[in-house]
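A.B. asks: Data: data-v7.cif, mmCIF, C-alpha atoms and all ligand atoms.
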```cif
data_entry
#
loop_
_atom_site.label_atom_id
_atom_site.label_comp_id
_atom_site.auth_asym_id
_atom_site.auth_seq_id
_atom_site.Cartn_x
_atom_site.Cartn_y
_atom_site.Cartn_z
CA MET A 11 4.43 24.52 41.45
CA ASN A 12 2.66 27.86 40.91
CA LYS A 13 -0.68 28.37 39.15
CA THR A 14 0.86 29.36 35.79
CA SER A 15 3.14 26.27 35.64
CA LEU A 16 0.21 24.03 36.54
CA LEU A 17 -1.84 25.57 33.75
CA ILE A 18 1.00 25.03 31.22
CA VAL A 19 1.47 21.36 32.25
CA ALA A 20 -2.29 20.74 32.04
CA SER A 21 -2.48 22.35 28.58
CA VAL A 22 0.47 20.30 27.26
CA LEU A 23 -1.08 17.08 28.63
CA PHE A 24 -4.44 17.93 27.08
CA PHE A 25 -2.81 18.72 23.70
CA CYS A 26 -0.78 15.47 23.72
CA THR A 27 -3.68 13.21 24.63
CA THR A 28 -6.09 14.74 22.10
CA THR A 29 -3.46 14.68 19.31
CA MET A 30 -2.49 11.07 20.07
CA LYS A 31 -6.14 10.05 20.14
CA SER A 32 -6.90 11.58 16.74
CA GLN A 33 -3.76 10.02 15.19
CA THR A 34 -4.75 6.59 16.45
CA SER A 35 -8.29 6.82 15.16
CA CYS A 36 -7.02 8.21 11.85
CA VAL A 37 -4.90 5.10 11.18
CA THR A 38 -7.46 2.56 12.39
CA ASP A 39 -10.27 4.29 10.51
CA ALA A 40 -8.15 4.22 7.35
CA ILE A 41 -7.44 0.49 7.72
CA LEU A 42 -11.07 -0.34 8.47
CA SER A 43 -12.31 1.54 5.41
CA THR A 44 -9.92 0.12 2.79
CA TYR A 45 -11.04 -2.01 -0.11
CA SER A 46 -9.51 -3.15 -3.39
CA ALA A 47 -10.60 -0.63 -6.01
CA ARG A 48 -12.11 -2.22 -9.11
CA ASN A 49 -13.59 0.80 -10.92
CA PHE A 50 -11.20 3.61 -11.67
CA THR A 51 -11.71 7.01 -13.31
CA THR A 52 -9.35 8.44 -15.94
CA LYS A 53 -8.12 11.32 -13.76
CA PRO A 54 -4.32 10.90 -13.61
CA VAL A 55 -2.37 10.18 -10.44
CA THR A 56 0.00 13.12 -9.80
CA ASP A 57 3.79 12.89 -9.38
CA SER A 58 3.50 14.34 -5.89
CA GLN A 59 0.98 11.63 -4.89
CA ILE A 60 3.34 8.98 -6.32
CA GLU A 61 6.27 10.39 -4.33
CA THR A 62 4.31 10.36 -1.06
CA ILE A 63 3.20 6.77 -1.70
CA LEU A 64 6.80 5.68 -2.45
CA LYS A 65 8.06 7.38 0.73
CA CYS A 66 5.50 5.34 2.69
CA GLY A 67 6.77 2.21 0.90
CA ILE A 68 10.41 2.70 1.88
CA LYS A 69 9.32 3.42 5.47
CA ALA A 70 8.14 -0.19 5.88
CA PRO A 71 10.10 -2.32 8.34
CA SER A 72 12.28 -5.12 6.94
CA ALA A 73 14.31 -7.91 8.52
CA ARG A 74 17.61 -6.45 9.79
CA ASN A 75 16.53 -3.26 7.99
CA SER A 76 17.87 -4.96 4.85
CA GLN A 77 15.44 -3.10 2.50
CA MET A 78 16.06 -5.63 -0.26
CA TRP A 79 13.37 -4.19 -2.50
CA LYS A 80 13.08 -2.12 -5.67
CA PHE A 81 9.96 -0.23 -6.75
CA THR A 82 9.30 0.29 -10.47
CA VAL A 83 6.74 2.99 -11.26
CA VAL A 84 5.09 2.36 -14.64
CA LYS A 85 3.51 5.49 -16.14
CA SER A 86 4.01 4.78 -19.87
CA SER A 87 0.60 4.08 -21.41
CA THR A 88 2.14 1.59 -23.88
CA LEU A 89 3.82 -0.41 -21.13
CA LEU A 90 0.75 -0.20 -18.88
CA SER A 91 -1.56 -1.68 -21.50
CA GLU A 92 0.97 -4.43 -22.29
CA LEU A 93 1.28 -5.41 -18.62
CA MET A 94 -2.42 -5.07 -17.75
CA PRO A 95 -4.53 -5.01 -20.94
CA ASN A 96 -7.73 -3.50 -19.47
CA ILE A 97 -6.08 -0.88 -17.31
CA THR A 98 -7.81 2.52 -17.10
CA THR A 99 -6.00 5.54 -18.57
CA GLY A 100 -4.47 7.63 -15.77
CA ASN A 101 -3.72 4.62 -13.56
CA ILE A 102 -0.15 3.74 -12.65
CA LEU A 103 1.46 0.49 -11.53
CA ILE A 104 4.09 0.13 -8.83
CA ILE A 105 5.93 -3.15 -9.32
CA VAL A 106 7.55 -4.37 -6.10
CA SER A 107 10.59 -6.60 -6.64
CA GLY A 108 12.69 -8.35 -4.00
CA GLN A 109 16.31 -9.45 -4.04
CA ASP A 110 16.82 -13.21 -4.53
CA ALA A 111 18.95 -13.44 -1.41
CA ASN A 112 17.12 -14.90 1.55
CA GLN A 113 19.24 -15.66 4.60
CA PRO A 114 18.21 -17.30 7.88
CA GLY A 115 15.88 -15.00 9.81
CA MET A 116 14.91 -13.08 6.68
CA ASN A 117 12.07 -13.30 4.20
CA VAL A 118 12.36 -10.80 1.37
CA ALA A 119 8.85 -11.52 0.04
CA PHE A 120 7.42 -10.74 3.48
CA ASP A 121 9.33 -7.42 3.61
CA CYS A 122 8.04 -6.57 0.11
CA ALA A 123 4.50 -7.36 1.25
CA LEU A 124 4.85 -4.90 4.14
CA ALA A 125 6.08 -2.19 1.75
CA THR A 126 3.18 -2.98 -0.59
CA GLU A 127 0.64 -2.69 2.22
CA ASN A 128 2.14 0.65 3.32
CA MET A 129 1.75 1.99 -0.23
CA TYR A 130 -1.76 0.47 -0.56
CA LEU A 131 -2.86 2.29 2.59
CA ALA A 132 -1.03 5.50 1.67
CA ALA A 133 -2.74 5.66 -1.73
CA GLN A 134 -6.16 5.23 -0.13
CA ASN A 135 -5.35 7.81 2.51
CA LEU A 136 -4.62 10.27 -0.33
CA GLY A 137 -8.12 9.66 -1.66
CA LEU A 138 -6.98 7.30 -4.43
CA GLY A 139 -8.00 3.71 -5.12
CA ALA A 140 -5.49 0.84 -4.94
CA HIS A 141 -5.48 -2.86 -5.78
CA ILE A 142 -2.77 -5.48 -5.16
CA TYR A 143 -2.25 -8.07 -7.92
CA MET A 144 -0.26 -11.31 -8.04
CA ALA A 145 -1.72 -12.74 -11.26
CA PRO A 146 0.45 -10.63 -13.63
CA VAL A 147 3.68 -11.34 -11.72
CA SER A 148 5.06 -14.17 -13.88
CA GLY A 149 4.38 -12.22 -17.11
CA ILE A 150 6.09 -9.14 -15.67
CA ASN A 151 9.04 -11.24 -14.45
CA SER A 152 9.72 -12.22 -18.05
CA ARG A 153 10.04 -8.50 -18.98
CA LYS A 154 12.41 -7.40 -16.23
CA GLN A 155 14.94 -5.93 -18.66
CA ASP A 156 12.37 -3.62 -20.38
CA LEU A 157 11.26 -2.46 -16.94
CA GLY A 158 14.74 -1.76 -15.57
CA ILE A 159 14.40 -4.33 -12.79
CA PRO A 160 17.97 -5.30 -11.88
CA ASP A 161 19.40 -8.82 -12.20
CA GLY A 162 19.09 -10.71 -8.94
CA TYR A 163 15.62 -9.28 -8.21
CA SER A 164 12.25 -10.96 -8.83
CA VAL A 165 8.84 -9.36 -9.01
CA ILE A 166 6.84 -10.10 -5.86
CA THR A 167 3.68 -8.11 -6.41
CA VAL A 168 2.05 -5.31 -8.39
CA LEU A 169 0.11 -2.38 -6.98
CA ARG A 170 -2.37 -0.60 -9.24
CA ILE A 171 -3.24 2.95 -8.23
CA GLY A 172 -5.71 5.38 -9.72
CA ASN A 173 -8.48 7.79 -8.99
CA VAL A 174 -11.86 6.38 -8.03
CA ASP A 175 -15.39 7.65 -7.85
CA GLN A 176 -15.56 9.09 -4.33
CA GLY A 177 -19.31 8.37 -4.23
CA VAL A 178 -18.59 4.64 -3.84
CA ASP A 179 -19.22 3.40 -0.30
CA ALA A 180 -15.82 2.08 0.75
CA VAL A 181 -17.08 -0.22 3.50
CA SER A 182 -19.69 -2.03 1.46
CA SER A 183 -17.30 -2.25 -1.50
CA ALA A 184 -14.90 -4.39 0.51
CA SER A 185 -15.18 -8.17 0.37
CA PRO A 186 -16.56 -9.76 3.56
CA ARG A 187 -14.10 -11.04 6.14
CA ASN A 188 -14.28 -14.07 8.40
CA SER A 189 -15.38 -13.08 11.90
CA LEU A 190 -13.01 -12.52 14.81
CA GLU A 191 -14.52 -15.64 16.46
CA GLU A 192 -13.44 -17.77 13.49
CA VAL A 193 -9.94 -16.35 13.26
CA VAL A 194 -8.74 -15.47 16.76
CA ASN A 195 -8.13 -17.59 19.83
CA TYR A 196 -7.14 -16.43 23.30
CA ARG A 197 -5.31 -18.41 25.96
C1 LIG B 201 -1.14 -11.02 -2.23
C2 LIG B 201 -2.38 -10.59 -2.95
C3 LIG B 201 -2.58 -10.94 -4.27
C4 LIG B 201 -3.73 -10.52 -4.96
N1 LIG B 201 -3.86 -10.82 -6.28
C5 LIG B 201 -4.93 -10.40 -6.96
C6 LIG B 201 -5.05 -10.67 -8.34
O1 LIG B 201 -4.17 -11.25 -8.97
N2 LIG B 201 -6.18 -10.26 -8.98
C7 LIG B 201 -7.17 -9.57 -8.31
O2 LIG B 201 -8.17 -9.20 -8.94
N3 LIG B 201 -7.06 -9.28 -7.00
C8 LIG B 201 -5.97 -9.68 -6.30
N4 LIG B 201 -5.85 -9.39 -4.96
C9 LIG B 201 -6.91 -8.62 -4.26
C10 LIG B 201 -7.75 -9.55 -3.38
O3 LIG B 201 -8.54 -10.38 -4.18
C11 LIG B 201 -8.60 -8.68 -2.43
O4 LIG B 201 -7.72 -7.97 -1.56
C12 LIG B 201 -9.53 -9.52 -1.58
O5 LIG B 201 -10.49 -10.16 -2.38
C13 LIG B 201 -10.28 -8.69 -0.55
O6 LIG B 201 -11.05 -7.70 -1.20
P1 LIG B 201 -11.13 -6.21 -0.63
O7 LIG B 201 -9.70 -5.74 -0.50
O8 LIG B 201 -11.89 -5.42 -1.66
O9 LIG B 201 -11.83 -6.26 0.66
C14 LIG B 201 -4.72 -9.78 -4.29
C15 LIG B 201 -4.51 -9.42 -2.94
C16 LIG B 201 -3.36 -9.81 -2.28
C17 LIG B 201 -3.15 -9.40 -0.84
#
```
Can I see the file as structure tokens?
C.D. replies:
Amino acid sequence: MNKTSLLIVASVLFFCTTTMKSQTSCVTDAILSTYSARNFTTKPVTDSQIETILKCGIKAPSARNSQMWKFTVVKSSTLLSELMPNITTGNILIIVSGQDANQPGMNVAFDCALATENMYLAAQNLGLGAHIYMAPVSGINSRKQDLGIPDGYSVITVLRIGNVDQGVDAVSSASPRNSLEEVVNYR
């Protein structure tokens, strides 16, 4: 191998390792700095942000790649205040519904949870705040027709997304977690 080829190989290796490193730290940093937003501003979420978040949702893995989920984006201010009375203007809800069709080796609610987490992280990575809710699920399930949620699907969870005050310290806003020593065992 001549000098020029060696130089090219070394440059490619350097580029790959530095790029891979920064991608890894980007994802882990994002996960470690998430928290459930509780104070939103009235600045609206844009359609392009919503589309990116939804693309991250459908990218989630699912058992046998069955993708038995539907996402309902609620932007109507009337509907929003009916579903979540104290919601801040400019927020949106993404309702995640799963097909009522579990088979052995599948768990639709689990798949929906993975999609929800992808969208939760995506929203925060776009500089938005996000909060997962289960409490409104039964109320929303009784309004499936108004929301265009098809028969045979049930609401699993609700994701609230909005703009947040960027001055808030994300790490100290998160609720404390049990320590690794309490949660993990090694054998
Ligand atoms: C499946 C699920 C359901 C949740 N339901 C609610 C809810 O109904 N109301 C609420 O205020 N927060 C809800 N949360 C948010 C949790 O309370 C929050 O993630 C937890 O307290 C940790 O806080 P942090 O994300 O700010 O660190 C829910 C979270 C998950 C994952």
A.B. asks: Which residues of chain A sit at most 6 Å from ligand LIG 201 (chain B), using all atoms listed in the file? Give each one's shortest atom pair and distance in Å (one decimal place), in chain and ascending residue order, as a tab-separated table.
C.D. replies:
```
residue	atom	partner	partner_atom	distance
A:Tyr45	CA	B:LIG201	O8	3.8
A:Ser46	CA	B:LIG201	O8	3.7
A:Ile142	CA	B:LIG201	C14	4.8
A:Tyr143	CA	B:LIG201	N1	3.6
A:Met144	CA	B:LIG201	O1	4.0
A:Ala145	CA	B:LIG201	O1	3.7
A:Ala184	CA	B:LIG201	O9	3.6
A:Ser185	CA	B:LIG201	O9	3.9
```
A.B. asks: Can you work out which one of A:Leu90, A:Cys36, A:Ile63, A:Ile150 has the shortest atom-to-atom distance to Ile102 of chain A, counting all atoms listed in the file?
C.D. replies: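 That would be A:Leu90, the residue with the smallest distance to Ile102 of chain A.
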A.B. asks: Please indicate the distance in Å from atom CA of Gly172 of chain A to atom CA of Pro54 of chain A, rounded to one decimal place.
C.D. replies: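 Atom CA of Pro54 of chain A lies 6.9 Å from atom CA of Gly172 of chain A.
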A.B. asks: Excluding Ile41 of chain A and its own-chain neighbours fewer than 4 positions away, which residues fall within 12 Å of it when counting only C-alpha atoms? Please give them as a PDB file with C-alpha atoms, in the coordinates of the input.
C.D. replies:
```pdb
ATOM      1  CA  THR A  34      -4.750   6.590  16.450  1.00  0.00           C
ATOM      2  CA  SER A  35      -8.290   6.820  15.160  1.00  0.00           C
ATOM      3  CA  CYS A  36      -7.020   8.210  11.850  1.00  0.00           C
ATOM      4  CA  VAL A  37      -4.900   5.100  11.180  1.00  0.00           C
ATOM      5  CA  TYR A  45     -11.040  -2.010  -0.110  1.00  0.00           C
ATOM      6  CA  SER A  46      -9.510  -3.150  -3.390  1.00  0.00           C
ATOM      7  CA  GLU A 127       0.640  -2.690   2.220  1.00  0.00           C
ATOM      8  CA  ASN A 128       2.140   0.650   3.320  1.00  0.00           C
ATOM      9  CA  TYR A 130      -1.760   0.470  -0.560  1.00  0.00           C
ATOM     10  CA  LEU A 131      -2.860   2.290   2.590  1.00  0.00           C
ATOM     11  CA  ALA A 132      -1.030   5.500   1.670  1.00  0.00           C
ATOM     12  CA  ALA A 133      -2.740   5.660  -1.730  1.00  0.00           C
ATOM     13  CA  GLN A 134      -6.160   5.230  -0.130  1.00  0.00           C
ATOM     14  CA  ASN A 135      -5.350   7.810   2.510  1.00  0.00           C
ATOM     15  CA  ALA A 180     -15.820   2.080   0.750  1.00  0.00           C
ATOM     16  CA  VAL A 181     -17.080  -0.220   3.500  1.00  0.00           C
ATOM     17  CA  ALA A 184     -14.900  -4.390   0.510  1.00  0.00           C
TER      18      ALA A 184
END
```
A.B. asks: Can you list, as an NGL selection string, every protein, DNA or RNA residue that comes within 12 Å of Glu61 of chain A when you count all atoms listed in the file, leaving out same-chain residues fewer than 5 positions away?
C.D. replies: :A and (55-56 or 66-68 or 81 or 83 or 104 or 129 or 132-133 or 136)
A.B. asks: What does the distance from atom CA of Ala125 of chain A to atom CA of Lys69 of chain A come to in Å, to one decimal?
C.D. replies: 7.5 Å
A.B. asks: Here is a test: counting all atoms listed in the file, which residue of A:Thr99, A:Asn75, A:Thr82, A:Ser43 is nearest to Gln155 of chain A?
C.D. replies: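 Among the listed residues, A:Thr82 lies closest to Gln155 of chain A.
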A.B. asks: Looking at all atoms listed in the file, which of A:Gly162, A:Pro71, A:Pro186, A:Gly139 is the one that sits closest to Gly108 of chain A?
C.D. replies: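 Counting all atoms listed in the file, the residue closest to Gly108 of chain A is A:Gly162.
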A.B. asks: I want to know what sits within 10 Å of segment 158-161 of chain A, based on only C-alpha atoms, with residues of the same chain fewer than 6 positions away left out; could you give that as a list in words?
C.D. replies: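 Neighbouring residues, sequence-local ones excluded: Lys80, Phe81, Thr82, Ile105, Val106, Ser107, Gly108, Gln109, Asp110 and Asn151 of chain A.
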